[in-house]
file upload_25.json (JSON, C-alpha atoms and all ligand atoms)
[["chain", "number", "residue", "atom", "x", "y", "z"],
["A", 16, "LEU", "CA", 140.34, -195.29, -22.47],
["A", 17, "SER", "CA", 143.28, -194.10, -20.39],
["A", 18, "LEU", "CA", 144.87, -197.44, -21.18],
["A", 19, "MET", "CA", 144.70, -196.45, -24.87],
["A", 20, "GLY", "CA", 146.33, -193.13, -24.01],
["A", 21, "ASP", "CA", 149.06, -195.05, -22.19],
["A", 22, "LEU", "CA", 149.54, -197.30, -25.22],
["A", 23, "ARG", "CA", 149.86, -194.33, -27.58],
["A", 24, "ALA", "CA", 152.42, -192.78, -25.25],
["A", 25, "ALA", "CA", 154.26, -196.11, -24.94],
["A", 26, "ILE", "CA", 154.44, -196.41, -28.74],
["A", 27, "SER", "CA", 155.79, -192.89, -29.17],
["A", 28, "ARG", "CA", 158.37, -193.54, -26.43],
["A", 29, "ASN", "CA", 159.26, -196.99, -27.78],
["A", 30, "GLU", "CA", 158.17, -198.67, -24.55],
["A", 31, "VAL", "CA", 156.61, -201.47, -26.54],
["A", 32, "ALA", "CA", 158.82, -204.15, -28.06],
["A", 33, "LEU", "CA", 158.68, -206.82, -30.70],
["A", 34, "HIS", "CA", 159.59, -210.32, -29.64],
["A", 35, "TYR", "CA", 160.23, -213.03, -32.19],
["A", 36, "GLN", "CA", 159.01, -216.62, -32.08],
["A", 37, "PRO", "CA", 161.21, -219.04, -34.06],
["A", 38, "LYS", "CA", 159.68, -221.17, -36.78],
["A", 39, "LEU", "CA", 161.33, -224.56, -37.17],
["A", 40, "ASN", "CA", 161.86, -225.89, -40.72],
["A", 41, "LEU", "CA", 160.81, -229.52, -40.24],
["A", 42, "ARG", "CA", 162.60, -230.85, -43.30],
["A", 43, "HIS", "CA", 166.01, -229.39, -42.47],
["A", 44, "GLY", "CA", 165.83, -228.85, -38.71],
["A", 45, "THR", "CA", 166.82, -225.23, -39.24],
["A", 46, "VAL", "CA", 165.33, -221.88, -38.23],
["A", 47, "GLU", "CA", 165.35, -219.22, -40.93],
["A", 48, "SER", "CA", 162.21, -217.33, -39.95],
["A", 49, "GLY", "CA", 160.13, -216.07, -37.04],
["A", 50, "GLU", "CA", 156.90, -214.32, -36.12],
["A", 51, "ALA", "CA", 157.03, -210.83, -34.62],
["A", 52, "LEU", "CA", 154.75, -210.53, -31.57],
["A", 53, "LEU", "CA", 154.17, -207.28, -29.68],
["A", 54, "ARG", "CA", 155.02, -207.02, -25.99],
["A", 55, "TRP", "CA", 154.05, -204.12, -23.75],
["A", 56, "ARG", "CA", 155.15, -203.67, -20.17],
["A", 57, "HIS", "CA", 152.94, -201.02, -18.59],
["A", 58, "PRO", "CA", 154.82, -198.96, -15.95],
["A", 59, "ARG", "CA", 152.13, -199.67, -13.31],
["A", 60, "LEU", "CA", 150.19, -202.68, -14.60],
["A", 61, "GLY", "CA", 153.16, -204.74, -15.73],
["A", 62, "PRO", "CA", 152.92, -206.87, -18.88],
["A", 63, "VAL", "CA", 149.66, -206.32, -20.79],
["A", 64, "ALA", "CA", 148.57, -209.20, -23.03],
["A", 65, "PRO", "CA", 148.60, -208.28, -26.74],
["A", 66, "ASP", "CA", 145.10, -209.76, -27.15],
["A", 67, "ALA", "CA", 143.83, -207.08, -24.77],
["A", 68, "PHE", "CA", 145.64, -204.03, -26.15],
["A", 69, "ILE", "CA", 145.24, -205.00, -29.81],
["A", 70, "THR", "CA", 141.48, -205.36, -29.35],
["A", 71, "LEU", "CA", 141.47, -202.00, -27.57],
["A", 72, "ALA", "CA", 143.49, -200.39, -30.38],
["A", 73, "GLU", "CA", 141.09, -201.86, -32.94],
["A", 74, "GLU", "CA", 138.01, -200.64, -31.09],
["A", 75, "THR", "CA", 139.37, -197.12, -30.60],
["A", 76, "GLY", "CA", 140.58, -196.66, -34.18],
["A", 77, "ASN", "CA", 144.25, -196.80, -33.21],
["A", 78, "ILE", "CA", 145.27, -200.08, -34.80],
["A", 79, "HIS", "CA", 146.98, -198.39, -37.79],
["A", 80, "ARG", "CA", 149.36, -196.74, -35.33],
["A", 81, "VAL", "CA", 150.20, -200.09, -33.76],
["A", 82, "THR", "CA", 150.66, -201.83, -37.11],
["A", 83, "ARG", "CA", 152.86, -199.05, -38.49],
["A", 84, "TRP", "CA", 155.04, -199.22, -35.40],
["A", 85, "ALA", "CA", 155.35, -203.02, -35.69],
["A", 86, "LEU", "CA", 156.16, -202.90, -39.40],
["A", 87, "ALA", "CA", 158.71, -200.11, -39.02],
["A", 88, "HIS", "CA", 160.47, -201.91, -36.19],
["A", 89, "ALA", "CA", 160.44, -205.29, -37.88],
["A", 90, "VAL", "CA", 161.93, -203.83, -41.08],
["A", 91, "ALA", "CA", 164.57, -201.83, -39.16],
["A", 92, "GLN", "CA", 165.48, -205.03, -37.31],
["A", 93, "LEU", "CA", 165.74, -206.93, -40.59],
["A", 94, "GLN", "CA", 168.20, -204.30, -41.83],
["A", 95, "ARG", "CA", 170.35, -204.66, -38.69],
["A", 96, "TRP", "CA", 170.35, -208.44, -38.95],
["A", 97, "SER", "CA", 171.23, -208.28, -42.62],
["A", 98, "THR", "CA", 174.17, -205.95, -41.80],
["A", 99, "ASP", "CA", 175.30, -208.55, -39.24],
["A", 100, "GLY", "CA", 175.12, -211.24, -41.95],
["A", 101, "LEU", "CA", 172.02, -212.88, -40.46],
["A", 102, "HIS", "CA", 169.49, -213.78, -43.12],
["A", 103, "VAL", "CA", 166.13, -214.33, -41.55],
["A", 104, "GLN", "CA", 162.54, -213.85, -42.58],
["A", 105, "VAL", "CA", 160.07, -212.09, -40.26],
["A", 106, "ALA", "CA", 156.25, -212.27, -40.24],
["A", 107, "VAL", "CA", 154.17, -209.35, -38.94],
["A", 108, "ASN", "CA", 150.51, -209.76, -37.95],
["A", 109, "LEU", "CA", 147.96, -207.49, -39.62],
["A", 110, "SER", "CA", 144.49, -206.74, -38.26],
["A", 111, "ALA", "CA", 141.28, -206.70, -40.27],
["A", 112, "ARG", "CA", 141.26, -202.91, -40.36],
["A", 113, "ASP", "CA", 144.77, -202.81, -41.79],
["A", 114, "LEU", "CA", 143.40, -204.55, -44.88],
["A", 115, "HIS", "CA", 141.02, -201.61, -45.43],
["A", 116, "ASP", "CA", 143.99, -199.24, -45.60],
["A", 117, "GLN", "CA", 144.72, -198.73, -49.28],
["A", 118, "ASP", "CA", 147.92, -196.85, -48.42],
["A", 119, "LEU", "CA", 149.42, -199.89, -46.70],
["A", 120, "PRO", "CA", 151.23, -201.39, -49.74],
["A", 121, "ARG", "CA", 152.92, -198.07, -50.59],
["A", 122, "ARG", "CA", 153.81, -197.53, -46.95],
["A", 123, "ILE", "CA", 155.44, -200.96, -46.77],
["A", 124, "ALA", "CA", 157.24, -200.44, -50.09],
["A", 125, "ASP", "CA", 158.65, -197.13, -48.75],
["A", 126, "LEU", "CA", 159.79, -198.79, -45.51],
["A", 127, "LEU", "CA", 161.58, -201.57, -47.36],
["A", 128, "ALA", "CA", 163.26, -199.07, -49.69],
["A", 129, "LEU", "CA", 164.31, -196.82, -46.78],
["A", 130, "HIS", "CA", 165.97, -199.74, -45.00],
["A", 131, "ARG", "CA", 167.19, -201.46, -48.18],
["A", 132, "VAL", "CA", 165.46, -204.69, -47.18],
["A", 133, "GLN", "CA", 164.30, -207.07, -49.91],
["A", 134, "PRO", "CA", 160.55, -207.75, -49.81],
["A", 135, "ARG", "CA", 161.08, -211.50, -49.57],
["A", 136, "TRP", "CA", 162.38, -211.13, -45.99],
["A", 137, "LEU", "CA", 159.02, -209.75, -44.82],
["A", 138, "ARG", "CA", 155.78, -211.74, -44.47],
["A", 139, "VAL", "CA", 152.33, -210.67, -43.37],
["A", 140, "GLU", "CA", 149.87, -212.82, -41.45],
["A", 141, "VAL", "CA", 146.15, -212.21, -41.83],
["A", 142, "THR", "CA", 143.12, -214.18, -40.70],
["A", 143, "GLU", "CA", 140.40, -215.20, -43.12],
["A", 144, "SER", "CA", 137.84, -213.28, -41.08],
["A", 145, "ALA", "CA", 139.88, -210.14, -41.79],
["A", 146, "VAL", "CA", 139.27, -210.66, -45.49],
["A", 147, "ILE", "CA", 135.58, -211.50, -45.24],
["A", 148, "GLY", "CA", 134.66, -208.10, -43.73],
["A", 149, "GLU", "CA", 135.39, -206.07, -46.86],
["A", 150, "PRO", "CA", 136.70, -208.58, -49.39],
["A", 151, "THR", "CA", 137.23, -206.34, -52.44],
["A", 152, "VAL", "CA", 139.56, -203.89, -50.72],
["A", 153, "ALA", "CA", 141.28, -206.62, -48.71],
["A", 154, "ILE", "CA", 141.97, -208.69, -51.82],
["A", 155, "GLN", "CA", 143.35, -205.62, -53.61],
["A", 156, "VAL", "CA", 145.64, -204.72, -50.68],
["A", 157, "LEU", "CA", 146.90, -208.30, -50.37],
["A", 158, "SER", "CA", 147.45, -208.57, -54.13],
["A", 159, "GLU", "CA", 149.54, -205.40, -54.11],
["A", 160, "LEU", "CA", 151.60, -206.74, -51.19],
["A", 161, "SER", "CA", 152.09, -210.00, -53.03],
["A", 162, "ASP", "CA", 153.09, -208.13, -56.22],
["A", 163, "LEU", "CA", 155.69, -206.25, -54.14],
["A", 164, "GLY", "CA", 157.22, -209.64, -53.36],
["A", 165, "LEU", "CA", 155.90, -210.26, -49.85],
["A", 166, "CYS", "CA", 154.60, -213.64, -48.78],
["A", 167, "ILE", "CA", 151.06, -213.77, -47.40],
["A", 168, "ALA", "CA", 150.20, -216.24, -44.63],
["A", 169, "ILE", "CA", 146.66, -217.11, -43.54],
["A", 170, "ASP", "CA", 146.76, -217.16, -39.74],
["A", 171, "ASP", "CA", 144.61, -219.22, -37.35],
["A", 172, "PHE", "CA", 143.52, -221.41, -40.24],
["A", 173, "GLY", "CA", 140.58, -223.69, -39.47],
["A", 174, "VAL", "CA", 138.81, -221.60, -36.83],
["A", 175, "GLY", "CA", 136.50, -218.61, -37.11],
["A", 176, "GLU", "CA", 134.75, -217.60, -40.28],
["A", 177, "SER", "CA", 136.90, -219.46, -42.69],
["A", 178, "SER", "CA", 135.86, -219.78, -46.26],
["A", 179, "LEU", "CA", 137.63, -221.86, -48.84],
["A", 180, "ALA", "CA", 135.91, -219.76, -51.52],
["A", 181, "TYR", "CA", 137.87, -216.67, -50.42],
["A", 182, "LEU", "CA", 141.09, -218.58, -50.11],
["A", 183, "ARG", "CA", 141.12, -219.22, -53.85],
["A", 184, "ARG", "CA", 140.74, -215.50, -54.60],
["A", 185, "LEU", "CA", 143.65, -214.54, -52.36],
["A", 186, "PRO", "CA", 147.36, -214.43, -53.20],
["A", 187, "VAL", "CA", 148.19, -216.94, -50.46],
["A", 188, "HIS", "CA", 151.62, -218.52, -49.89],
["A", 189, "GLU", "CA", 151.22, -220.17, -46.50],
["A", 190, "LEU", "CA", 148.57, -221.61, -44.18],
["A", 191, "LYS", "CA", 149.16, -221.49, -40.43],
["A", 192, "ILE", "CA", 147.13, -224.20, -38.71],
["A", 193, "ASP", "CA", 145.48, -222.85, -35.57],
["A", 194, "LYS", "CA", 146.95, -224.11, -32.32],
["A", 195, "MET", "CA", 143.56, -225.50, -31.31],
["A", 196, "PHE", "CA", 144.15, -228.45, -33.68],
["A", 197, "VAL", "CA", 147.83, -228.84, -32.82],
["A", 198, "GLN", "CA", 148.00, -228.77, -29.03],
["A", 199, "ARG", "CA", 146.49, -232.26, -28.57],
["A", 200, "LEU", "CA", 147.97, -233.97, -31.62],
["A", 201, "GLY", "CA", 149.68, -236.51, -29.37],
["A", 202, "THR", "CA", 146.37, -238.02, -28.25],
["A", 203, "ASP", "CA", 143.41, -236.73, -30.26],
["A", 204, "ILE", "CA", 142.57, -238.87, -33.31],
["A", 205, "GLU", "CA", 140.21, -236.28, -34.82],
["A", 206, "ASP", "CA", 142.79, -233.49, -34.51],
["A", 207, "ARG", "CA", 145.26, -235.76, -36.29],
["A", 208, "LEU", "CA", 142.84, -236.31, -39.17],
["A", 209, "ILE", "CA", 142.06, -232.59, -39.41],
["A", 210, "VAL", "CA", 145.73, -231.58, -39.40],
["A", 211, "ARG", "CA", 146.67, -234.21, -41.96],
["A", 212, "SER", "CA", 143.83, -233.03, -44.22],
["A", 213, "ILE", "CA", 144.83, -229.34, -43.92],
["A", 214, "ILE", "CA", 148.44, -230.22, -44.81],
["A", 215, "GLU", "CA", 147.29, -232.15, -47.87],
["A", 216, "LEU", "CA", 144.87, -229.41, -48.93],
["A", 217, "ALA", "CA", 147.54, -226.72, -48.55],
["A", 218, "HIS", "CA", 150.11, -228.67, -50.53],
["A", 219, "ARG", "CA", 147.63, -229.41, -53.31],
["A", 220, "LEU", "CA", 146.88, -225.68, -53.56],
["A", 221, "GLY", "CA", 150.61, -224.91, -53.66],
["A", 222, "TYR", "CA", 150.92, -223.38, -50.18],
["A", 223, "SER", "CA", 153.41, -224.17, -47.46],
["A", 224, "VAL", "CA", 152.06, -225.12, -44.01],
["A", 225, "THR", "CA", 153.04, -224.06, -40.50],
["A", 226, "ALA", "CA", 151.58, -225.71, -37.41],
["A", 227, "GLU", "CA", 151.21, -223.35, -34.45],
["A", 228, "GLY", "CA", 150.98, -224.31, -30.77],
["A", 229, "VAL", "CA", 153.42, -227.23, -30.79],
["A", 230, "GLU", "CA", 153.67, -227.97, -27.07],
["A", 231, "ASP", "CA", 155.19, -231.45, -26.91],
["A", 232, "GLU", "CA", 157.37, -234.02, -28.63],
["A", 233, "ALA", "CA", 154.35, -236.12, -29.72],
["A", 234, "ALA", "CA", 152.84, -233.22, -31.68],
["A", 235, "LEU", "CA", 156.18, -232.44, -33.31],
["A", 236, "ALA", "CA", 156.74, -236.08, -34.30],
["A", 237, "TYR", "CA", 153.24, -236.32, -35.79],
["A", 238, "LEU", "CA", 153.77, -233.14, -37.85],
["A", 239, "VAL", "CA", 157.07, -234.42, -39.26],
["A", 240, "GLU", "CA", 155.45, -237.72, -40.22],
["A", 241, "ALA", "CA", 152.45, -235.94, -41.79],
["A", 242, "GLY", "CA", 154.73, -233.80, -44.01],
["A", 243, "CYS", "CA", 154.14, -230.42, -42.37],
["A", 244, "ASP", "CA", 156.70, -227.82, -43.50],
["A", 245, "TYR", "CA", 157.20, -225.64, -40.39],
["A", 246, "ALA", "CA", 156.36, -225.77, -36.70],
["A", 247, "GLN", "CA", 156.02, -223.04, -34.10],
["A", 248, "GLY", "CA", 155.25, -223.43, -30.40],
["A", 249, "HIS", "CA", 156.49, -223.41, -26.85],
["A", 250, "TYR", "CA", 158.04, -226.88, -27.23],
["A", 251, "ILE", "CA", 160.41, -225.34, -29.80],
["A", 252, "ALA", "CA", 160.65, -221.85, -28.32],
["A", 253, "ALA", "CA", 158.42, -219.03, -27.09],
["A", 254, "ALA", "CA", 158.73, -215.51, -28.50],
["A", 255, "MET", "CA", 162.00, -213.89, -27.35],
["A", 256, "PRO", "CA", 163.78, -210.52, -27.62],
["A", 257, "ALA", "CA", 165.57, -209.76, -30.89],
["A", 258, "ASP", "CA", 169.12, -210.46, -29.64],
["A", 259, "ARG", "CA", 168.20, -213.87, -28.26],
["A", 260, "PHE", "CA", 166.31, -214.68, -31.44],
["A", 261, "ALA", "CA", 169.44, -213.89, -33.47],
["A", 262, "SER", "CA", 171.48, -216.35, -31.35],
["A", 263, "PHE", "CA", 168.74, -218.96, -31.66],
["A", 264, "VAL", "CA", 168.74, -218.65, -35.46],
["A", 265, "ALA", "CA", 172.54, -218.83, -35.58],
["A", 266, "GLU", "CA", 172.44, -222.02, -33.51],
["A", 267, "TYR", "CA", 169.91, -223.65, -35.84],
["A", 268, "THR", "CA", 171.45, -222.92, -39.25],
["A", 301, "LIG", "O1", 151.76, -213.43, -28.18],
["A", 301, "LIG", "P1", 150.46, -213.70, -28.17],
["A", 301, "LIG", "O2", 149.83, -213.59, -26.82],
["A", 301, "LIG", "O3", 151.67, -213.26, -28.16],
["A", 301, "LIG", "O4", 149.60, -212.75, -29.15],
["A", 301, "LIG", "C1", 148.23, -212.62, -28.92],
["A", 301, "LIG", "C2", 147.53, -212.10, -30.16],
["A", 301, "LIG", "O5", 148.01, -210.81, -30.49],
["A", 301, "LIG", "C3", 147.74, -212.98, -31.38],
["A", 301, "LIG", "O6", 146.48, -213.14, -32.02],
["A", 301, "LIG", "C4", 148.66, -212.18, -32.23],
["A", 301, "LIG", "O7", 148.40, -212.41, -33.61],
["A", 301, "LIG", "C5", 148.30, -210.76, -31.85],
["A", 301, "LIG", "N1", 149.43, -209.89, -32.11],
["A", 301, "LIG", "C6", 150.66, -209.90, -31.57],
["A", 301, "LIG", "N2", 151.43, -208.93, -32.10],
["A", 301, "LIG", "C7", 150.65, -208.27, -33.00],
["A", 301, "LIG", "C8", 150.85, -207.17, -33.89],
["A", 301, "LIG", "O8", 151.93, -206.59, -34.02],
["A", 301, "LIG", "N3", 149.79, -206.77, -34.65],
["A", 301, "LIG", "C9", 148.58, -207.40, -34.58],
["A", 301, "LIG", "N4", 147.58, -206.94, -35.36],
["A", 301, "LIG", "N5", 148.35, -208.44, -33.79],
["A", 301, "LIG", "C10", 149.37, -208.88, -33.01],
["A", 302, "LIG", "O1", 147.03, -215.30, -33.44],
["A", 302, "LIG", "P1", 148.47, -215.64, -33.65],
["A", 302, "LIG", "O2", 148.65, -216.96, -34.23],
["A", 302, "LIG", "O3", 149.21, -214.57, -34.38],
["A", 302, "LIG", "O4", 149.15, -215.62, -32.20],
["A", 302, "LIG", "C1", 150.10, -216.49, -31.80],
["A", 302, "LIG", "C2", 149.83, -216.64, -30.33],
["A", 302, "LIG", "O5", 150.12, -217.97, -29.91],
["A", 302, "LIG", "C3", 150.66, -215.73, -29.47],
["A", 302, "LIG", "O6", 149.88, -215.36, -28.40],
["A", 302, "LIG", "C4", 151.79, -216.65, -29.00],
["A", 302, "LIG", "O7", 152.41, -216.19, -27.83],
["A", 302, "LIG", "C5", 150.97, -217.92, -28.78],
["A", 302, "LIG", "N1", 151.75, -219.17, -28.77],
["A", 302, "LIG", "C6", 152.90, -219.43, -29.39],
["A", 302, "LIG", "N2", 153.28, -220.71, -29.18],
["A", 302, "LIG", "C7", 152.33, -221.27, -28.39],
["A", 302, "LIG", "C8", 152.16, -222.56, -27.83],
["A", 302, "LIG", "O8", 152.93, -223.49, -28.01],
["A", 302, "LIG", "N3", 151.04, -222.75, -27.08],
["A", 302, "LIG", "C9", 150.13, -221.77, -26.87],
["A", 302, "LIG", "N4", 149.08, -222.07, -26.11],
["A", 302, "LIG", "N5", 150.26, -220.53, -27.38],
["A", 302, "LIG", "C10", 151.34, -220.29, -28.14],
["A", 303, "MN", "MN", 150.13, -214.87, -36.13],
["A", 304, "NA", "NA", 147.68, -218.29, -35.42]]
call {"tool": "encode", "arguments": {"input": "upload_25.json", "output": "C-alpha cells"}}
result
Amino acid sequence: LSLMGDLRAAISRNEVALHYQPKLNLRHGTVESGEALLRWRHPRLGPVAPDAFITLAEETGNIHRVTRWALAHAVAQLQRWSTDGLHVQVAVNLSARDLHDQDLPRRIADLLALHRVQPRWLRVEVTESAVIGEPTVAIQVLSELSDLGLCIAIDDFGVGESSLAYLRRLPVHELKIDKMFVQRLGTDIEDRLIVRSIIELAHRLGYSVTAEGVEDEAALAYLVEAGCDYAQGHYIAAAMPADRFASFVAEYT
C-alpha cells in the first residue's frame, strides 16, 4: 500500500502527467481528437504502468482522486489549447466506480464552466462492464453527462462482459473496437469479419466507430476500406506529451 501512498503524493505534487494519443479521422486524414492516458514516473521505480496503478487505486478506494485529477488536467489543457487557437477534442477514461459517483456530472459541469470550455470538446470513455455492475446509477450518470453535451464512447468494445441489451439503454455516441480484433487485421479472416460487423452495427445504431491498436499499414488499409471512422494505434502514433500532441494535430489539420 505504500505504492498507493506514493501515488497520492505524486498526484498532489503533479508528478503524474497526461499524455495524449492522436485519433486519425479516416475520411479526411486529419487529427482533431485524442485520448488522454495517465503516465506516472515513480522517483525510484521509474515508469509505472497505468494498468497497475489504476487497479491499485480502484482496489484501495482512491480512483475518484485519480479521475478528478485527470479530468481537471484535461479540461485545463483544453482551455490552453483553445487560447492558442487549437481546437481539439479530448477523451478521458472513466472507471466503473466513477459511474457510481452521482456528483460526477455536476463536478464536470463546474470544471467546464471554470475553464470556459464547451462540453463538446470533452469525451468520456467507459467499458460496458463498468455499466453492468450497477446499471441504474451508471445509466443516470451517463445520461446526465450526455445531457451536458459530452460524447460518450464505449471502450474496449467486443471483449469482457459486453451486452447489447445495455448498449441500447445508454446514451452512446461512439464504439471503440478493442485492439484484440484490430492488431491482426492484416492476416486474420475472422478478425476482419468481426470488425466489419461491428462497424456496420455501430453505424446502423447511429454511432461513430474508432478502431484501437492499429499497428500496421495492412490494418489501417482494411479499416479505411471497411468504412471505419477513426483509427488509433502505434502505427499512427503512441500517446505523447501535450506539447508534442499539439504539434501533431497542427500538422494533420
Ligand atoms: O496507456 P495504456 O497502458 O496507456 O493504459 C492502460 C490502461 O489504463 C487502459 O485501460 C487505460 O484505459 C487506462 N487508463 C489510462 N489513463 C487512465 C485514466 O486517466 N483513468 C482511468 N480510469 N483509466 C486510465
Ligand atoms: O483500455 P484503453 O483502450 O483505454 O487503453 C488504451 C491502451 O492501449 C493504452 O494502454 C495504450 O497505450 C494502448 N495502445 C495504444 N495504441 C496501441 C497499439 O497500437 N498497440 C497496443 N498493443 N496498444 C496500444
Ligand atoms: Mn480508452
Ligand atoms: Na480500448
call {"tool": "residues_around", "arguments": {"input": "upload_25.json", "residues": "Ile167 (chain A)", "least_positions_apart": "6", "cutoff": "7 Å", "atoms": "all atoms listed in the file", "output": "PyMOL selection string"}}
result
chain A and resi 138-140+161+186-189
call {"tool": "closest_residue", "arguments": {"input": "upload_25.json", "among": "A:Ala145, A:Ile169, A:Ala128, A:Met255", "to": "ligand NA 304 (chain A)", "atoms": "all atoms listed in the file"}}
result
A:Ile169
call {"tool": "closest_residue", "arguments": {"input": "upload_25.json", "among": "A:Phe260, A:Phe172, A:Tyr250, A:Phe196", "to": "Asp231 (chain A)", "atoms": "only C-alpha atoms"}}
result
A:Tyr250
call {"tool": "residues_near_ligand", "arguments": {"input": "upload_25.json", "ligand": "ligand LIG 302 (chain A)", "cutoff": "9 Å", "atoms": "all atoms listed in the file", "output": "JSON, numbers by chain"}}
result
{"A": [36, 50, 51, 52, 64, 65, 66, 107, 108, 109, 140, 141, 142, 170, 171, 191, 192, 193, 194, 195, 197, 198, 227, 228, 229, 230, 231, 247, 248, 249, 250, 251, 252, 253, 254]}
call {"tool": "residues_near_point", "arguments": {"input": "upload_25.json", "point": "(151.1, -197.6, -19.5)", "cutoff": "8 Å", "atoms": "all atoms listed in the file", "output": "NGL selection string"}}
result
:A and (18 or 20-22 or 24-25 or 56-60)
call {"tool": "write_last_selection", "arguments": {"input": "upload_25.json", "atoms": "C-alpha atoms", "output": "PDB file, keeping the file's coordinate frame"}}
result
ATOM      1  CA  LEU A  18     144.870-197.440 -21.180  1.00  0.00           C
ATOM      2  CA  GLY A  20     146.330-193.130 -24.010  1.00  0.00           C
ATOM      3  CA  ASP A  21     149.060-195.050 -22.190  1.00  0.00           C
ATOM      4  CA  LEU A  22     149.540-197.300 -25.220  1.00  0.00           C
ATOM      5  CA  ALA A  24     152.420-192.780 -25.250  1.00  0.00           C
ATOM      6  CA  ALA A  25     154.260-196.110 -24.940  1.00  0.00           C
ATOM      7  CA  ARG A  56     155.150-203.670 -20.170  1.00  0.00           C
ATOM      8  CA  HIS A  57     152.940-201.020 -18.590  1.00  0.00           C
ATOM      9  CA  PRO A  58     154.820-198.960 -15.950  1.00  0.00           C
ATOM     10  CA  ARG A  59     152.130-199.670 -13.310  1.00  0.00           C
ATOM     11  CA  LEU A  60     150.190-202.680 -14.600  1.00  0.00           C
TER      12      LEU A  60
END
call {"tool": "closest_residue", "arguments": {"input": "upload_25.json", "among": "A:Ala233, A:Val132, A:Ala257, A:Ile69", "to": "ligand LIG 301 (chain A)", "atoms": "all atoms listed in the file"}}
result
A:Ile69
call {"tool": "atom_distance", "arguments": {"input": "upload_25.json", "atom1": "CA of Ile26 (chain A)", "atom2": "CA of Arg80 (chain A)"}}
result
8.3 Å
call {"tool": "closest_residue", "arguments": {"input": "upload_25.json", "among": "A:Gln117, A:Thr75, A:Asn40, A:Thr202", "to": "Leu157 (chain A)", "atoms": "all atoms listed in the file"}}
result
A:Gln117
call {"tool": "closest_residue", "arguments": {"input": "upload_25.json", "among": "A:Asp99, A:Glu143, A:Asp116, A:Glu73", "to": "ligand NA 304 (chain A)", "atoms": "all atoms listed in the file"}}
result
A:Glu143
call {"tool": "closest_residue", "arguments": {"input": "upload_25.json", "among": "A:Asp113, A:Glu215, A:Glu47, A:Glu240", "to": "ligand LIG 301 (chain A)", "atoms": "all atoms listed in the file"}}
result
A:Asp113
call {"tool": "residues_around", "arguments": {"input": "upload_25.json", "residues": "Thr151 (chain A)", "least_positions_apart": "4", "cutoff": "10 Å", "atoms": "all atoms listed in the file", "output": "compact mmCIF listing (two decimals) with C-alpha atoms, in the coordinates of the input"}}
result
# COMPACT_ATOMS: atom_id res chain seq x y z
CA LEU A 114 143.40 -204.55 -44.88
CA HIS A 115 141.02 -201.61 -45.43
CA VAL A 146 139.27 -210.66 -45.49
CA ILE A 147 135.58 -211.50 -45.24
CA GLN A 155 143.35 -205.62 -53.61
CA VAL A 156 145.64 -204.72 -50.68
call {"tool": "axis_aligned_box", "arguments": {"input": "upload_25.json", "around": "region 229-235 of chain A", "padding_each_side": "5 Å", "output": "AutoDock Vina command-line options"}}
result
--center_x 155.1 --center_y -231.7 --center_z -30.1 --size_x 14.5 --size_y 18.9 --size_z 16.4
call {"tool": "atom_distance", "arguments": {"input": "upload_25.json", "atom1": "CA of Arg184 (chain A)", "atom2": "CA of Leu163 (chain A)"}}
result
17.6 Å
call {"tool": "atom_distance", "arguments": {"input": "upload_25.json", "atom1": "CA of Arg83 (chain A)", "atom2": "atom N4 of ligand LIG 301 (chain A)"}}
result
10.0 Å
call {"tool": "residues_near_point", "arguments": {"input": "upload_25.json", "point": "(157.9, -201.0, -23.2)", "cutoff": "6 Å", "atoms": "only C-alpha atoms", "output": "compact mmCIF listing (two decimals) with C-alpha atoms, keeping the file's coordinate frame"}}
result
# COMPACT_ATOMS: atom_id res chain seq x y z
CA GLU A 30 158.17 -198.67 -24.55
CA VAL A 31 156.61 -201.47 -26.54
CA ALA A 32 158.82 -204.15 -28.06
CA TRP A 55 154.05 -204.12 -23.75
CA ARG A 56 155.15 -203.67 -20.17
call {"tool": "residues_around", "arguments": {"input": "upload_25.json", "residues": "Val90 (chain A)", "least_positions_apart": "6", "cutoff": "9 Å", "atoms": "all atoms listed in the file", "output": "PDB file with C-alpha atoms, in the coordinates of the input"}}
result
ATOM      1  CA  VAL A 105     160.070-212.090 -40.260  1.00  0.00           C
ATOM      2  CA  LEU A 126     159.790-198.790 -45.510  1.00  0.00           C
ATOM      3  CA  LEU A 127     161.580-201.570 -47.360  1.00  0.00           C
ATOM      4  CA  HIS A 130     165.970-199.740 -45.000  1.00  0.00           C
ATOM      5  CA  VAL A 132     165.460-204.690 -47.180  1.00  0.00           C
ATOM      6  CA  TRP A 136     162.380-211.130 -45.990  1.00  0.00           C
ATOM      7  CA  LEU A 137     159.020-209.750 -44.820  1.00  0.00           C
TER       8      LEU A 137
END
